[in-house]
Amino acid sequence: MAVAWALGPLGPLGTVAVGTLLLALLLGWLWDAAVTVTRFRAACHRLRRFPRPPWRNWLLGHTGVGKNTEEGLQQVDELVAQYRHGCLWWVLPWLPILRLFHPNTLRPILLASAFIAPKDQLFYSFLKPWLGDGLLLSRGQKWARHRRLLTPAFHGDVLKSYVGIFNKTTHVMHAKWRAAARAAGGPVGLEVLEQLSLLTLDTLQKCIFSHESRCQEQPSEYIKAILELSTLVVRRHHHPLHLSSWLYRLSADGRRFAQACATVHSFTANVVQCRRQALDRLGHQAWLESHQGRRMDFIDLLLLSKDEDGNTLSDEDISAEADTFMFEGHDTTASGLAWLLYNLARHPHYQERCRQEVRELLKGRDVEEIEWEDLSNLPFTTMCIKESLRLHPPVTAVSRRCTEDITLRDGRVIPKGIICLMSIYGTHHNPDIWPEPQVYNPLRFSPENSQDQSPLAFIPFSAGPRNCIGQSFAMAELKVVAALTVARFTIRLDAERPPRRKTELILRAEDGLWLLLEPLPEVA
């Protein structure tokens, strides 16, 4: 009755037209569904050549089998020991993921162009409201253009001007540690990852915005918002109902996320707009002259950048890149530093060798600071950093979803559209590449031991066209902070609080990473 009433005014011809349209839509949908199913079955046929670990059942696949805990990482070690090149992991009946653990299987994907092997949006989409279309999340021509425009901002001449900031922020952190040790009357137990996160955030605010937040000494709403955003993104991944954007926006976490995003965006946009107004008011040449004799920060460099057609980045683009650099640059470097100090605490003989190397370098200087030229004169400290990044990579995996079939060296094919999880942790712990992979041995990275090593055996900053653009910045900061820390403190394990690893956005420890720090007598 209702249908007849609705169609009645159309008349016979109108009714036939509507019916034909509905039939066409239904047939189109059925055709699309048939094509999708056919392609999926063809992909599954190709995927049968990849080994599949035991799963829960055909419906759940491996859902719930992998965990982000210490036991979960031990499970990855077991998978790598059994499936040296990689394995097939079914998250759901319709969502297969290839987990890859070896340079030979990683190579064709990591080295493919960013158009053929873009980052998979499934794993990164929750960051979009925060980071916008910065380098981490952008795709296609926009990503390629921004990558070209941002590359000069990480040139050695620019990084050289940041080393003084690395020293300054490290001095602030060490002053806090010495004060805590004096108050304790001896070695002080500290959760170092939090301390180092504040250090890296302090550093980045100075390098990106020329902003003195003093966040290592006093609260900062901007820093608080960044730390909260990182926590909320991780928590959302573990809450099934929050996978839906509209449900998440209605939740308490969603409202907190939106508020923290607003705080971060407001700060960044204000800095960019003020700089843009100054540039427009003074003109390009006068603005450059006003900067003579002082360091240019990241925002300055992005404002001046132009592509081959003379086009500049918009304020929105600059803000997105600044937010991305703040996000990618603080947690990862803090994790790398924290696990480095932990590994040096576990191996006092390596720690002492680093200390002697740094003391020899600083001998006779009036000011105890690491200079740009010193970074290439810390060979053993650098080996210790690299071995720590191998054993405890801050980012344990990166994902790609290929836009075309990828053929591996052994003839197997990774079908178009399949998510590939490049396991940095798995590759770094692969016994085919690294004998006794659980042993911390910096000499793996000596010139004689590393000369025949595959460049894709060690990938803490990923590799290929979409590698980390800030890796030279991160390595410089790691060297400065590590060198000054071993020169000024003895670092020991806290036997009462051994760390249990936990994979989130970065490699953390469940209840924090606690170490005992004791100022050395000559610098106390």
# chains A, B, ... in the order shown; residues from 1 in each chain; ligands from 1
call {"tool": "select_by_dssp", "arguments": {"residues": "range 173-391 of chain A", "states": "alpha helix (DSSP H)", "output": "PyMOL selection string"}}
result
chain A and resi 173-184+192-204+221-237+245-250+252-282+284-290+298-304+315-346+348-362+379-391
call {"tool": "residues_around", "arguments": {"residues": "Ala463 in chain A", "least_positions_apart": "5", "cutoff": "12 Å", "atoms": "only C-alpha atoms", "output": "PDB file with C-alpha atoms, in the first residue's frame"}}
result
ATOM      1  CA  PRO A 103      65.865  -7.780   3.940  1.00  0.00           C
ATOM      2  CA  LEU A 106      61.450  -6.096   2.668  1.00  0.00           C
ATOM      3  CA  ARG A 107      63.552  -4.812  -0.231  1.00  0.00           C
ATOM      4  CA  PRO A 108      61.000  -4.691  -3.107  1.00  0.00           C
ATOM      5  CA  ILE A 109      58.469  -2.900  -0.892  1.00  0.00           C
ATOM      6  CA  LEU A 110      60.699  -0.502   1.039  1.00  0.00           C
ATOM      7  CA  LEU A 111      62.597   0.486  -2.094  1.00  0.00           C
ATOM      8  CA  ALA A 112      59.499   0.828  -4.288  1.00  0.00           C
ATOM      9  CA  SER A 113      58.353   4.335  -5.117  1.00  0.00           C
ATOM     10  CA  ALA A 114      56.008   5.987  -2.661  1.00  0.00           C
ATOM     11  CA  ALA A 397      57.053  -1.841  12.547  1.00  0.00           C
ATOM     12  CA  VAL A 398      55.847   0.221   9.590  1.00  0.00           C
ATOM     13  CA  MET A 422      57.491  -4.463   7.781  1.00  0.00           C
ATOM     14  CA  ILE A 424      61.678  -3.585  12.121  1.00  0.00           C
ATOM     15  CA  SER A 454      72.779  -5.591   3.891  1.00  0.00           C
ATOM     16  CA  PRO A 455      71.663  -1.928   4.198  1.00  0.00           C
ATOM     17  CA  LEU A 456      68.164  -3.241   4.987  1.00  0.00           C
ATOM     18  CA  ALA A 457      69.350  -5.373   7.916  1.00  0.00           C
ATOM     19  CA  PHE A 458      69.374  -2.273  10.149  1.00  0.00           C
ATOM     20  CA  CYS A 468      62.462   9.095   8.193  1.00  0.00           C
ATOM     21  CA  ILE A 469      63.462  12.519   6.891  1.00  0.00           C
ATOM     22  CA  GLN A 471      67.051  10.630  11.013  1.00  0.00           C
TER      23      GLN A 471
END
call {"tool": "closest_residue", "arguments": {"among": "A:Asp323, A:Glu228, A:Asp511, A:Asp307", "to": "Gln205 in chain A", "atoms": "only C-alpha atoms"}}
result
A:Asp323
call {"tool": "residues_around", "arguments": {"residues": "Val192 in chain A", "least_positions_apart": "3", "cutoff": "9 Å", "atoms": "only C-alpha atoms", "output": "PyMOL selection string"}}
result
chain A and resi 189+195-197+334+337-338+341+512-515
call {"tool": "write_last_selection", "arguments": {"atoms": "N, CA, C and O atoms", "output": "PDB file, in the first residue's frame"}}
result
ATOM      1  N   GLY A 189      66.850   6.985  41.901  1.00  0.00           N
ATOM      2  CA  GLY A 189      66.091   6.205  40.940  1.00  0.00           C
ATOM      3  C   GLY A 189      65.123   7.101  40.185  1.00  0.00           C
ATOM      4  O   GLY A 189      64.327   7.805  40.804  1.00  0.00           O
ATOM      5  N   GLN A 195      61.443  11.673  31.627  1.00  0.00           N
ATOM      6  CA  GLN A 195      62.421  12.757  31.670  1.00  0.00           C
ATOM      7  C   GLN A 195      62.960  13.069  30.270  1.00  0.00           C
ATOM      8  O   GLN A 195      63.105  14.233  29.884  1.00  0.00           O
ATOM      9  N   LEU A 196      63.251  12.024  29.517  1.00  0.00           N
ATOM     10  CA  LEU A 196      63.816  12.210  28.184  1.00  0.00           C
ATOM     11  C   LEU A 196      62.775  12.715  27.193  1.00  0.00           C
ATOM     12  O   LEU A 196      63.118  13.423  26.241  1.00  0.00           O
ATOM     13  N   SER A 197      61.505  12.386  27.403  1.00  0.00           N
ATOM     14  CA  SER A 197      60.438  12.929  26.556  1.00  0.00           C
ATOM     15  C   SER A 197      60.342  14.446  26.730  1.00  0.00           C
ATOM     16  O   SER A 197      60.171  15.189  25.752  1.00  0.00           O
ATOM     17  N   ALA A 334      63.218   9.970  22.389  1.00  0.00           N
ATOM     18  CA  ALA A 334      63.205   9.693  23.830  1.00  0.00           C
ATOM     19  C   ALA A 334      63.298   8.190  24.090  1.00  0.00           C
ATOM     20  O   ALA A 334      64.030   7.741  24.979  1.00  0.00           O
ATOM     21  N   LEU A 337      66.861   7.002  23.374  1.00  0.00           N
ATOM     22  CA  LEU A 337      67.776   7.395  24.456  1.00  0.00           C
ATOM     23  C   LEU A 337      67.564   6.559  25.711  1.00  0.00           C
ATOM     24  O   LEU A 337      68.520   6.126  26.353  1.00  0.00           O
ATOM     25  N   ALA A 338      66.304   6.331  26.072  1.00  0.00           N
ATOM     26  CA  ALA A 338      66.015   5.587  27.304  1.00  0.00           C
ATOM     27  C   ALA A 338      66.557   4.163  27.224  1.00  0.00           C
ATOM     28  O   ALA A 338      67.201   3.671  28.166  1.00  0.00           O
ATOM     29  N   LEU A 341      70.409   4.128  27.461  1.00  0.00           N
ATOM     30  CA  LEU A 341      70.899   4.224  28.843  1.00  0.00           C
ATOM     31  C   LEU A 341      70.689   2.901  29.574  1.00  0.00           C
ATOM     32  O   LEU A 341      71.536   2.478  30.369  1.00  0.00           O
ATOM     33  N   GLY A 512      57.149   2.015  33.236  1.00  0.00           N
ATOM     34  CA  GLY A 512      58.236   2.976  33.125  1.00  0.00           C
ATOM     35  C   GLY A 512      59.588   2.281  33.070  1.00  0.00           C
ATOM     36  O   GLY A 512      59.729   1.111  33.412  1.00  0.00           O
ATOM     37  N   LEU A 513      60.573   3.027  32.614  1.00  0.00           N
ATOM     38  CA  LEU A 513      61.931   2.501  32.512  1.00  0.00           C
ATOM     39  C   LEU A 513      62.778   3.188  33.587  1.00  0.00           C
ATOM     40  O   LEU A 513      63.166   4.348  33.443  1.00  0.00           O
ATOM     41  N   TRP A 514      63.019   2.467  34.679  1.00  0.00           N
ATOM     42  CA  TRP A 514      63.675   3.039  35.855  1.00  0.00           C
ATOM     43  C   TRP A 514      65.165   2.691  35.871  1.00  0.00           C
ATOM     44  O   TRP A 514      65.553   1.548  35.661  1.00  0.00           O
ATOM     45  N   LEU A 515      65.985   3.713  36.147  1.00  0.00           N
ATOM     46  CA  LEU A 515      67.429   3.530  36.278  1.00  0.00           C
ATOM     47  C   LEU A 515      67.933   4.291  37.487  1.00  0.00           C
ATOM     48  O   LEU A 515      67.289   5.242  37.957  1.00  0.00           O
TER      49      LEU A 515
END
call {"tool": "closest_residue", "arguments": {"among": "A:Asn270, A:Arg281, A:Thr203, A:Asp331", "to": "Ile226 in chain A", "atoms": "only C-alpha atoms"}}
result
A:Asp331
call {"tool": "closest_residue", "arguments": {"among": "A:Thr382, A:Thr15, A:Thr169, A:Ser423", "to": "Glu212 in chain A", "atoms": "only C-alpha atoms"}}
result
A:Thr169
call {"tool": "atom_distance", "arguments": {"atom1": "CA of Asn343 in chain A", "atom2": "CA of Leu484 in chain A"}}
result
16.3 Å
call {"tool": "residues_around", "arguments": {"residues": "range 129-146 of chain A", "least_positions_apart": "3", "cutoff": "10 Å", "atoms": "only C-alpha atoms", "output": "count of residues only"}}
result
48
call {"tool": "select_by_dssp", "arguments": {"residues": "range 55-254 of chain A", "states": "strand (DSSP E)", "output": "list of chain:residue names"}}
result
A:Gly86, A:Cys87, A:Leu88, A:Trp89, A:Trp90, A:Val91, A:Leu92, A:Leu95, A:Pro96, A:Ile97, A:Leu98, A:Arg99, A:Leu100, A:Val188, A:Gly189, A:Leu190, A:Glu191
call {"tool": "write_last_selection", "arguments": {"atoms": "C-alpha atoms", "output": "mmCIF file, in the first residue's frame"}}
result
data_model
loop_
_atom_site.group_PDB
_atom_site.id
_atom_site.type_symbol
_atom_site.label_atom_id
_atom_site.label_comp_id
_atom_site.auth_asym_id
_atom_site.auth_seq_id
_atom_site.Cartn_x
_atom_site.Cartn_y
_atom_site.Cartn_z
ATOM 1 C CA GLY A 86 57.889 -13.634 6.890
ATOM 2 C CA CYS A 87 54.449 -15.132 7.478
ATOM 3 C CA LEU A 88 50.768 -14.556 6.771
ATOM 4 C CA TRP A 89 48.654 -13.173 9.604
ATOM 5 C CA TRP A 90 44.845 -13.099 9.435
ATOM 6 C CA VAL A 91 43.391 -10.321 11.577
ATOM 7 C CA LEU A 92 39.853 -11.122 10.328
ATOM 8 C CA LEU A 95 41.906 -8.942 6.347
ATOM 9 C CA PRO A 96 45.191 -10.775 5.652
ATOM 10 C CA ILE A 97 48.461 -9.062 6.631
ATOM 11 C CA LEU A 98 51.936 -10.113 5.544
ATOM 12 C CA ARG A 99 54.464 -9.778 8.368
ATOM 13 C CA LEU A 100 57.939 -9.494 6.854
ATOM 14 C CA VAL A 188 68.647 8.469 42.614
ATOM 15 C CA GLY A 189 66.091 6.205 40.940
ATOM 16 C CA LEU A 190 64.356 7.947 38.030
ATOM 17 C CA GLU A 191 61.852 6.954 35.376
#
call {"tool": "atom_distance", "arguments": {"atom1": "CA of Arg412 in chain A", "atom2": "CA of Arg49 in chain A"}}
result
6.9 Å
